[in-house]
>>> print(open('run_13.cif').read())   # mmCIF, C-alpha atoms
data_target
loop_
_atom_site.label_atom_id
_atom_site.label_comp_id
_atom_site.auth_asym_id
_atom_site.auth_seq_id
_atom_site.Cartn_x
_atom_site.Cartn_y
_atom_site.Cartn_z
CA MET E 1 -12.01 20.81 -71.26
CA SER E 2 -10.52 17.67 -72.76
CA ALA E 3 -6.98 16.64 -73.65
CA GLY E 4 -6.31 17.00 -77.35
CA LEU E 5 -8.30 20.23 -77.68
CA THR E 6 -6.56 22.63 -80.05
CA VAL E 7 -5.84 26.14 -78.79
CA ASP E 8 -4.95 28.91 -81.24
CA TRP E 9 -2.54 31.58 -80.04
CA VAL E 10 -1.86 34.96 -81.64
CA GLU E 11 1.56 36.24 -80.60
CA VAL E 12 1.36 40.02 -80.16
CA GLY E 13 4.74 40.76 -78.58
CA PRO E 14 6.28 42.53 -81.60
CA ARG E 15 3.39 45.01 -81.63
CA ASP E 16 1.63 45.16 -78.27
CA GLY E 17 4.82 44.30 -76.45
CA LEU E 18 7.25 46.71 -78.05
CA GLN E 19 4.84 49.65 -78.40
CA SER E 20 5.10 50.47 -74.71
CA TRP E 21 8.83 49.78 -74.30
CA SER E 22 10.76 52.92 -73.43
CA SER E 23 13.39 52.49 -76.14
CA THR E 24 13.03 51.69 -79.84
CA LEU E 25 14.59 48.54 -81.26
CA PRO E 26 16.39 48.62 -84.62
CA THR E 27 14.36 47.35 -87.55
CA PRO E 28 16.55 44.25 -88.15
CA THR E 29 16.10 43.27 -84.50
CA LYS E 30 12.31 43.47 -84.83
CA VAL E 31 12.43 41.43 -88.03
CA GLY E 32 14.56 38.84 -86.28
CA LEU E 33 12.11 38.66 -83.38
CA VAL E 34 9.11 38.10 -85.67
CA THR E 35 11.00 35.48 -87.66
CA SER E 36 12.05 33.65 -84.49
CA LEU E 37 8.46 33.63 -83.24
CA LEU E 38 7.14 32.24 -86.53
CA ASP E 39 9.82 29.56 -86.38
CA CYS E 40 8.37 28.51 -83.01
CA GLY E 41 5.18 27.48 -84.79
CA PHE E 42 2.85 30.43 -84.31
CA ARG E 43 0.32 30.59 -87.12
CA ARG E 44 -0.21 34.33 -86.61
CA VAL E 45 2.12 36.99 -85.28
CA GLU E 46 1.01 40.60 -84.88
CA ALA E 47 4.08 42.19 -86.37
CA THR E 48 3.45 45.93 -86.04
CA SER E 49 0.87 48.70 -86.17
CA MET E 50 0.07 51.24 -88.86
CA VAL E 51 -0.25 53.97 -86.27
CA HIS E 52 1.12 57.48 -86.73
CA PRO E 53 4.71 57.69 -85.40
CA LYS E 54 3.68 60.70 -83.33
CA TRP E 55 1.60 58.43 -81.11
CA VAL E 56 3.75 55.28 -81.06
CA PRO E 57 7.29 56.14 -82.22
CA GLN E 58 8.50 52.64 -81.36
CA LEU E 59 6.61 51.32 -84.42
CA ALA E 60 7.50 54.05 -86.90
CA ASP E 61 9.31 51.54 -89.15
CA ALA E 62 6.22 49.42 -89.88
CA GLU E 63 6.65 49.36 -93.67
CA ALA E 64 10.34 48.48 -93.38
CA VAL E 65 9.57 45.59 -91.02
CA LEU E 66 6.89 44.22 -93.33
CA GLU E 67 9.05 44.61 -96.44
CA ALA E 68 11.70 42.44 -94.81
CA LEU E 69 9.08 39.80 -93.96
CA GLN E 70 7.36 39.44 -97.34
CA ASP E 71 8.14 35.73 -97.49
CA ARG E 72 6.13 35.25 -94.26
CA ILE E 73 3.42 37.86 -94.92
CA ASP E 74 0.57 35.30 -94.89
CA HIS E 75 1.28 34.62 -91.22
CA LEU E 76 1.39 38.25 -90.14
CA ARG E 77 -1.31 40.53 -88.75
CA VAL E 78 -1.02 44.28 -88.25
CA LEU E 79 -3.11 46.69 -86.23
CA VAL E 80 -4.80 49.46 -88.22
CA PRO E 81 -6.26 52.36 -86.22
CA ASN E 82 -8.07 53.95 -89.19
CA ARG E 83 -8.66 53.82 -92.95
CA ARG E 84 -5.27 55.36 -93.63
CA GLY E 85 -3.73 52.53 -91.66
CA LEU E 86 -5.60 50.02 -93.82
CA GLU E 87 -4.25 51.68 -96.96
CA ARG E 88 -0.72 51.38 -95.63
CA ALA E 89 -1.27 47.74 -94.67
CA ARG E 90 -2.64 46.83 -98.09
CA GLY E 91 0.26 48.63 -99.73
CA ALA E 92 2.61 46.43 -97.69
CA GLY E 93 0.85 43.26 -98.87
CA VAL E 94 -0.79 42.42 -95.54
CA ARG E 95 -3.71 39.97 -95.73
CA ASN E 96 -4.89 40.13 -92.10
CA VAL E 97 -5.50 43.31 -90.12
CA ALA E 98 -6.84 44.00 -86.65
CA VAL E 99 -9.05 46.87 -85.56
CA THR E 100 -9.80 47.91 -82.02
CA VAL E 101 -12.58 49.81 -80.29
CA ALA E 102 -13.17 50.37 -76.60
CA ALA E 103 -16.24 49.46 -74.62
CA THR E 104 -16.21 52.99 -73.11
CA ASP E 105 -16.03 56.43 -74.66
CA SER E 106 -13.46 57.66 -72.14
CA TYR E 107 -10.88 55.05 -73.01
CA ASN E 108 -11.64 55.28 -76.71
CA GLU E 109 -11.02 59.03 -76.62
CA HIS E 110 -7.65 58.53 -74.91
CA ASN E 111 -6.64 55.68 -77.25
CA LEU E 112 -8.08 56.78 -80.61
CA ASN E 113 -9.18 60.41 -80.10
CA ARG E 114 -12.74 59.51 -81.10
CA SER E 115 -15.97 58.32 -79.51
CA VAL E 116 -16.94 54.66 -79.65
CA ASN E 117 -19.63 55.37 -82.25
CA GLU E 118 -17.19 57.31 -84.43
CA THR E 119 -14.72 54.43 -84.28
CA LEU E 120 -17.43 51.89 -85.11
CA GLN E 121 -18.39 53.96 -88.16
CA GLU E 122 -14.78 53.96 -89.35
CA ILE E 123 -14.45 50.22 -88.70
CA GLN E 124 -17.54 49.69 -90.86
CA GLN E 125 -15.74 51.43 -93.71
CA ILE E 126 -12.50 49.54 -93.03
CA ALA E 127 -14.33 46.21 -93.08
CA ALA E 128 -16.07 47.02 -96.37
CA GLU E 129 -12.86 48.15 -98.07
CA ALA E 130 -10.88 45.19 -96.75
CA ARG E 131 -13.52 42.75 -97.93
CA ARG E 132 -13.16 44.01 -101.50
CA ASP E 133 -9.46 43.12 -101.39
CA ASP E 134 -9.93 39.81 -99.54
CA VAL E 135 -8.18 41.18 -96.47
CA VAL E 136 -9.39 39.53 -93.25
CA VAL E 137 -10.38 41.89 -90.45
CA ASP E 138 -10.23 40.81 -86.79
CA ALA E 139 -11.49 43.02 -83.99
CA SER E 140 -10.70 43.60 -80.35
CA ILE E 141 -12.87 45.28 -77.74
CA SER E 142 -10.60 46.96 -75.21
CA VAL E 143 -11.47 47.58 -71.54
CA ALA E 144 -14.21 44.95 -71.89
CA PHE E 145 -13.92 44.01 -68.22
CA GLY E 146 -13.13 47.37 -66.66
CA CYS E 147 -12.03 50.87 -67.64
CA PRO E 148 -9.38 53.04 -65.95
CA TYR E 149 -11.62 56.09 -66.38
CA GLU E 150 -15.16 54.76 -65.96
CA GLY E 151 -14.68 51.71 -63.75
CA PRO E 152 -16.79 48.54 -64.21
CA VAL E 153 -18.23 47.97 -67.69
CA ARG E 154 -21.69 46.49 -68.17
CA ALA E 155 -21.91 43.24 -70.13
CA GLU E 156 -24.76 44.78 -72.12
CA ARG E 157 -22.46 47.56 -73.30
CA VAL E 158 -19.82 45.09 -74.47
CA GLY E 159 -22.55 43.17 -76.26
CA GLU E 160 -23.72 46.30 -78.09
CA VAL E 161 -20.22 47.03 -79.36
CA ALA E 162 -19.68 43.40 -80.36
CA ALA E 163 -23.00 43.29 -82.21
CA ALA E 164 -22.01 46.35 -84.23
CA LEU E 165 -18.73 44.67 -85.21
CA ALA E 166 -20.51 41.44 -86.15
CA ASP E 167 -22.96 43.44 -88.29
CA ASP E 168 -19.93 44.68 -90.24
CA GLY E 169 -19.08 41.09 -91.14
CA ILE E 170 -16.23 40.71 -88.64
CA GLU E 171 -16.13 37.06 -87.65
CA GLU E 172 -13.40 37.09 -84.98
CA ILE E 173 -13.68 39.32 -81.91
CA ALA E 174 -11.35 39.29 -78.90
CA LEU E 175 -12.33 40.71 -75.54
CA ALA E 176 -9.43 42.54 -73.91
CA ASP E 177 -8.87 42.98 -70.19
CA THR E 178 -6.76 46.03 -70.93
CA ILE E 179 -5.99 46.99 -67.32
CA GLY E 180 -6.05 43.49 -65.82
CA VAL E 181 -9.07 43.82 -63.52
CA ALA E 182 -11.07 40.79 -64.63
CA ASN E 183 -11.74 37.78 -62.42
CA PRO E 184 -12.64 34.24 -63.51
CA ALA E 185 -16.32 34.53 -62.57
CA GLN E 186 -16.66 37.73 -64.60
CA VAL E 187 -14.85 36.15 -67.55
CA GLU E 188 -17.18 33.17 -67.53
CA GLU E 189 -20.30 35.31 -67.25
CA LEU E 190 -19.33 37.71 -70.04
CA PHE E 191 -18.24 35.07 -72.54
CA GLN E 192 -21.30 32.94 -71.90
CA ALA E 193 -23.58 35.94 -72.43
CA LEU E 194 -21.86 36.95 -75.66
CA ARG E 195 -21.70 33.43 -77.04
CA GLU E 196 -25.44 33.19 -76.56
CA ARG E 197 -26.08 36.60 -78.13
CA LEU E 198 -23.69 36.20 -81.08
CA PRO E 199 -23.16 32.45 -81.64
CA ALA E 200 -21.63 32.90 -85.11
CA VAL E 201 -18.70 34.95 -83.80
CA ARG E 202 -15.39 33.31 -83.02
CA TRP E 203 -14.47 34.68 -79.62
CA GLY E 204 -10.95 35.33 -78.41
CA ALA E 205 -9.43 36.62 -75.18
CA HIS E 206 -6.61 39.05 -74.46
CA PHE E 207 -5.67 39.20 -70.79
CA HIS E 208 -3.26 41.42 -68.89
CA ASP E 209 -1.65 40.25 -65.67
CA THR E 210 -1.82 43.43 -63.59
CA ARG E 211 -3.24 41.60 -60.57
CA GLY E 212 -1.82 38.14 -61.24
CA THR E 213 -5.14 36.70 -62.46
CA ALA E 214 -4.45 36.32 -66.18
CA MET E 215 -3.83 32.55 -66.03
CA ALA E 216 -6.96 31.95 -63.98
CA ASN E 217 -8.94 34.06 -66.43
CA LEU E 218 -7.56 32.06 -69.34
CA LEU E 219 -8.75 28.83 -67.74
CA SER E 220 -12.16 30.35 -67.11
CA ALA E 221 -12.44 31.38 -70.76
CA LEU E 222 -11.42 27.88 -71.84
CA GLU E 223 -14.22 26.42 -69.73
CA THR E 224 -16.75 28.51 -71.66
CA GLY E 225 -15.46 27.16 -74.99
CA VAL E 226 -13.04 29.93 -75.99
CA ASN E 227 -9.94 28.47 -77.63
CA LEU E 228 -8.39 31.59 -79.18
CA PHE E 229 -6.00 33.71 -77.11
CA GLU E 230 -3.47 36.50 -77.50
CA GLY E 231 -0.30 36.98 -75.50
CA SER E 232 3.24 38.24 -75.73
CA VAL E 233 6.62 36.60 -75.48
CA GLY E 234 8.17 37.28 -72.09
CA GLY E 235 4.91 38.89 -70.94
CA ILE E 236 6.00 42.29 -72.23
CA GLY E 237 3.68 45.07 -73.24
CA GLY E 238 0.53 46.86 -72.36
CA SER E 239 -1.29 49.91 -73.59
CA PRO E 240 0.51 53.24 -73.17
CA PHE E 241 -2.97 54.78 -72.84
CA ALA E 242 -4.08 52.66 -69.87
CA PRO E 243 -2.69 54.02 -66.57
CA GLY E 244 -1.41 51.24 -64.32
CA ALA E 245 -1.73 48.44 -66.85
CA ALA E 246 0.87 45.68 -66.55
CA GLY E 247 2.18 43.39 -69.26
CA ASN E 248 0.28 40.91 -71.37
CA LEU E 249 -0.34 37.33 -70.46
CA CYS E 250 3.03 35.67 -71.07
CA SER E 251 2.90 33.39 -74.09
CA GLU E 252 5.44 30.79 -72.99
CA ASP E 253 4.00 30.61 -69.47
CA ALA E 254 0.47 30.02 -70.73
CA LEU E 255 1.40 27.73 -73.60
CA GLY E 256 3.61 25.66 -71.33
CA MET E 257 0.71 25.18 -68.93
CA LEU E 258 -1.71 24.28 -71.73
CA GLU E 259 0.76 21.80 -73.17
CA ALA E 260 1.17 20.16 -69.75
CA MET E 261 -2.63 19.87 -69.56
CA GLY E 262 -2.65 17.90 -72.79
CA LEU E 263 -3.96 20.63 -75.08
CA VAL E 264 -2.54 21.10 -78.58
CA THR E 265 -1.01 24.48 -79.45
CA GLY E 266 1.34 23.78 -82.36
CA VAL E 267 4.00 25.94 -80.69
CA ASP E 268 7.42 24.69 -79.64
CA VAL E 269 7.46 26.01 -76.08
CA ASN E 270 11.12 25.20 -75.44
CA ARG E 271 12.11 27.15 -78.52
CA LEU E 272 9.86 30.02 -77.44
CA ILE E 273 11.58 30.11 -74.05
CA GLU E 274 14.87 30.65 -75.84
CA VAL E 275 13.32 33.49 -77.82
CA ALA E 276 12.17 35.07 -74.54
CA ARG E 277 15.66 34.78 -73.08
CA GLY E 278 17.14 36.38 -76.18
CA LEU E 279 14.60 39.22 -76.02
CA GLU E 280 15.46 39.81 -72.37
CA ARG E 281 19.12 40.18 -73.31
CA THR E 282 18.22 42.50 -76.19
CA LEU E 283 16.07 44.74 -74.04
CA GLY E 284 18.57 44.68 -71.19
CA ALA E 285 15.95 44.26 -68.48
CA PRO E 286 14.14 41.39 -66.74
CA LEU E 287 10.88 40.42 -68.43
CA PRO E 288 7.69 39.63 -66.48
CA GLY E 289 7.39 36.02 -67.70
CA LYS E 290 8.17 33.27 -65.21
CA VAL E 291 8.94 30.11 -67.16
CA HIS E 292 12.01 31.40 -68.99
CA ALA E 293 13.50 32.58 -65.68
CA ALA E 294 12.58 29.35 -63.90
CA ARG E 295 14.20 27.21 -66.58
CA GLN E 296 17.38 29.25 -66.27
CA SER E 297 17.44 28.69 -62.51
CA GLU E 298 16.89 24.97 -62.93
CA ALA E 299 19.66 24.72 -65.50
CA GLY E 300 22.00 26.53 -63.13
CA GLY E 301 21.20 24.28 -60.23
CA VAL E 302 19.45 26.99 -58.22
CA ARG E 303 16.80 25.62 -55.87
CA ALA E 304 14.55 27.37 -53.38
#
>>> encode(input="run_13.cif", output="structure tokens")
Amino acid sequence: MSAGLTVDWVEVGPRDGLQSWSSTLPTPTKVGLVTSLLDCGFRRVEATSMVHPKWVPQLADAEAVLEALQDRIDHLRVLVPNRRGLERARGAGVRNVAVTVAATDSYNEHNLNRSVNETLQEIQQIAAEARRDDVVVDASISVAFGCPYEGPVRAERVGEVAAALADDGIEEIALADTIGVANPAQVEELFQALRERLPAVRWGAHFHDTRGTAMANLLSALETGVNLFEGSVGGIGGSPFAPGAAGNLCSEDALGMLEAMGLVTGVDVNRLIEVARGLERTLGAPLPGKVHAARQSEAGGVRA
């Protein structure tokens, strides 16, 4: 990889981060978090999910959050689990939605209460309806590197799911290491195989840091030509339907490293660190990210 390469980063903390937090933040606090993240320079922030409150009560105020952010709506993405979710998103003025499907039936059943094929059929309908309204649909394939119920996932299986999404006209697909079991060699092999099979797709990566390998996996993906990543401020989050999954790759940790390597992100990392510190105070608990804690120690004169 060369200095000056541009890396695009989708900040998913307000959705993927807060959905698994034990307590629910007030709507104005969520709005403030999204606004602060956009002010850091993120071009896309995943603000919420149009999921039924029964399943994710932390995001029950999705419409209220989006209504308060209408002046920034072009920079927001929301997760839609089904066609009803798309209807709600369109009603809120959203122009970019994300859909997700697992690489395994077991995880898909736990996450979406449907088989993979049933979800792909619904995504086909979502993509067609969204296209008529000029709404951009991005996709994510969860447990692409390993499943908590079925174990290792074959690259061929991930390719089959990705091909179905591409056939629906979806141009951006992220591979998610939902339970954080991937290793750099596996990341390189899978992305190379999929880039060869579906060269027109823009590939992204969504890593979890369960085993401390998320940064290494990011670098491996970069080496294969991937320059689109997702992460969360402070490293918060993770799927409530994936037993043992740790938080997401921490945005400020990864972006700080990429910036030091000479890559261009468009994000003000120092400002993002302050957002992470503020979120830690709001949540009242230490966050997994390392850079915001390290900077605090340095400022206080603490040395190992």
>>> resolve_selection(input="run_13.cif", expression="the PyMOL selection byres ((chain E and resi 61) around 10)", output="list of chain:residue names")
E:Leu25, E:Pro26, E:Thr27, E:Lys30, E:Thr48, E:Ser49, E:Met50, E:Pro53, E:Pro57, E:Gln58, E:Leu59, E:Ala60, E:Ala62, E:Glu63, E:Ala64, E:Val65, E:Leu66
>>> residues_around(input="run_13.cif", residues="E:Ile273", least_positions_apart="4", cutoff="7 Å", atoms="all atoms listed in the file", output="PyMOL selection string")
chain E and resi 252+269+277+292
>>> resolve_selection(input="run_13.cif", expression="the PyMOL selection byres ((chain E and resi 101) around 8)", output="list in words")
Val99, Thr100, Ala102, Ala103, Asn108, Val116, Thr119, Leu120, Ala139, Ser140, Ile141 and Ser142 of chain E
>>> closest_residue(input="run_13.cif", among="E:Ile179, E:Leu37, E:Ala130, E:Ile123", to="E:Tyr107", atoms="all atoms listed in the file")
E:Ile179
>>> resolve_selection(input="run_13.cif", expression="the PyMOL selection byres ((chain E and resi 33) around 10)", output="number ranges by chain")
E: 13-14, 27-32, 34-39, 47, 233, 275-276, 278-279
>>> residues_around(input="run_13.cif", residues="stretch 212-222 of chain E", least_positions_apart="4", cutoff="9 Å", atoms="only C-alpha atoms", output="short mmCIF file (atom, residue, chain, number, x, y, z; two decimals) with C-alpha atoms, in the coordinates of the input")
data_model
loop_
_atom_site.label_atom_id
_atom_site.label_comp_id
_atom_site.auth_asym_id
_atom_site.auth_seq_id
_atom_site.Cartn_x
_atom_site.Cartn_y
_atom_site.Cartn_z
CA MET E 1 -12.01 20.81 -71.26
CA ASP E 177 -8.87 42.98 -70.19
CA GLY E 180 -6.05 43.49 -65.82
CA VAL E 181 -9.07 43.82 -63.52
CA ALA E 182 -11.07 40.79 -64.63
CA ASN E 183 -11.74 37.78 -62.42
CA PRO E 184 -12.64 34.24 -63.51
CA ALA E 185 -16.32 34.53 -62.57
CA GLN E 186 -16.66 37.73 -64.60
CA VAL E 187 -14.85 36.15 -67.55
CA GLU E 188 -17.18 33.17 -67.53
CA PHE E 191 -18.24 35.07 -72.54
CA GLY E 204 -10.95 35.33 -78.41
CA ALA E 205 -9.43 36.62 -75.18
CA HIS E 206 -6.61 39.05 -74.46
CA PHE E 207 -5.67 39.20 -70.79
CA HIS E 208 -3.26 41.42 -68.89
CA VAL E 226 -13.04 29.93 -75.99
CA ASN E 227 -9.94 28.47 -77.63
CA LEU E 228 -8.39 31.59 -79.18
CA PHE E 229 -6.00 33.71 -77.11
CA ASN E 248 0.28 40.91 -71.37
CA LEU E 249 -0.34 37.33 -70.46
CA CYS E 250 3.03 35.67 -71.07
CA ASP E 253 4.00 30.61 -69.47
CA ALA E 254 0.47 30.02 -70.73
#
>>> atom_distance(input="run_13.cif", atom1="atom CA of E:Glu122", atom2="atom CA of E:Asn82")
6.7 Å
>>> closest_residue(input="run_13.cif", among="E:Leu112, E:Asp133, E:Arg157, E:Ser22", to="E:Ala285", atoms="all atoms listed in the file")
E:Ser22
>>> closest_residue(input="run_13.cif", among="E:Gly85, E:Gly151, E:Gly284, E:Gly169", to="E:Ala128", atoms="all atoms listed in the file")
E:Gly169
>>> residues_around(input="run_13.cif", residues="E:Gly93", least_positions_apart="2", cutoff="9 Å", atoms="only C-alpha atoms", output="ChimeraX atom specification")
/E:66-67,70,73-74,88-91,95
>>> write_last_selection(input="run_13.cif", atoms="C-alpha atoms", output="PDB file, in the coordinates of the input")
ATOM      1  CA  LEU E  66       6.890  44.220 -93.330  1.00  0.00           C
ATOM      2  CA  GLU E  67       9.050  44.610 -96.440  1.00  0.00           C
ATOM      3  CA  GLN E  70       7.360  39.440 -97.340  1.00  0.00           C
ATOM      4  CA  ILE E  73       3.420  37.860 -94.920  1.00  0.00           C
ATOM      5  CA  ASP E  74       0.570  35.300 -94.890  1.00  0.00           C
ATOM      6  CA  ARG E  88      -0.720  51.380 -95.630  1.00  0.00           C
ATOM      7  CA  ALA E  89      -1.270  47.740 -94.670  1.00  0.00           C
ATOM      8  CA  ARG E  90      -2.640  46.830 -98.090  1.00  0.00           C
ATOM      9  CA  GLY E  91       0.260  48.630 -99.730  1.00  0.00           C
ATOM     10  CA  ARG E  95      -3.710  39.970 -95.730  1.00  0.00           C
TER      11      ARG E  95
END
>>> atom_distance(input="run_13.cif", atom1="atom CA of E:Thr6", atom2="atom CA of E:Pro288")
26.0 Å
>>> atom_distance(input="run_13.cif", atom1="atom CA of E:Ala155", atom2="atom CA of E:Asn113")
23.6 Å
>>> residues_around(input="run_13.cif", residues="E:Ala200", least_positions_apart="4", cutoff="12 Å", atoms="all atoms listed in the file", output="PDB file with C-alpha atoms, in the frame of the given file")
ATOM      1  CA  ALA E 162     -19.680  43.400 -80.360  1.00  0.00           C
ATOM      2  CA  ALA E 163     -23.000  43.290 -82.210  1.00  0.00           C
ATOM      3  CA  ALA E 166     -20.510  41.440 -86.150  1.00  0.00           C
ATOM      4  CA  ASP E 167     -22.960  43.440 -88.290  1.00  0.00           C
ATOM      5  CA  GLY E 169     -19.080  41.090 -91.140  1.00  0.00           C
ATOM      6  CA  ILE E 170     -16.230  40.710 -88.640  1.00  0.00           C
ATOM      7  CA  GLU E 171     -16.130  37.060 -87.650  1.00  0.00           C
ATOM      8  CA  GLU E 172     -13.400  37.090 -84.980  1.00  0.00           C
ATOM      9  CA  ILE E 173     -13.680  39.320 -81.910  1.00  0.00           C
ATOM     10  CA  LEU E 194     -21.860  36.950 -75.660  1.00  0.00           C
ATOM     11  CA  ARG E 195     -21.700  33.430 -77.040  1.00  0.00           C
ATOM     12  CA  GLU E 196     -25.440  33.190 -76.560  1.00  0.00           C
TER      13      GLU E 196
END
>>> closest_residue(input="run_13.cif", among="E:Arg43, E:Leu69, E:Arg114, E:Met257", to="E:Ala92", atoms="only C-alpha atoms")
E:Leu69
>>> closest_residue(input="run_13.cif", among="E:Leu263, E:Leu175, E:Cys40, E:Val45", to="E:Val94", atoms="all atoms listed in the file")
E:Val45
>>> residues_around(input="run_13.cif", residues="E:Glu230", least_positions_apart="6", cutoff="6 Å", atoms="only C-alpha atoms", output="PyMOL selection string")
chain E and resi 9-11+206
>>> closest_residue(input="run_13.cif", among="E:Gly247, E:Ala174, E:Gly234, E:Ala164", to="E:Leu283", atoms="all atoms listed in the file")
E:Gly234
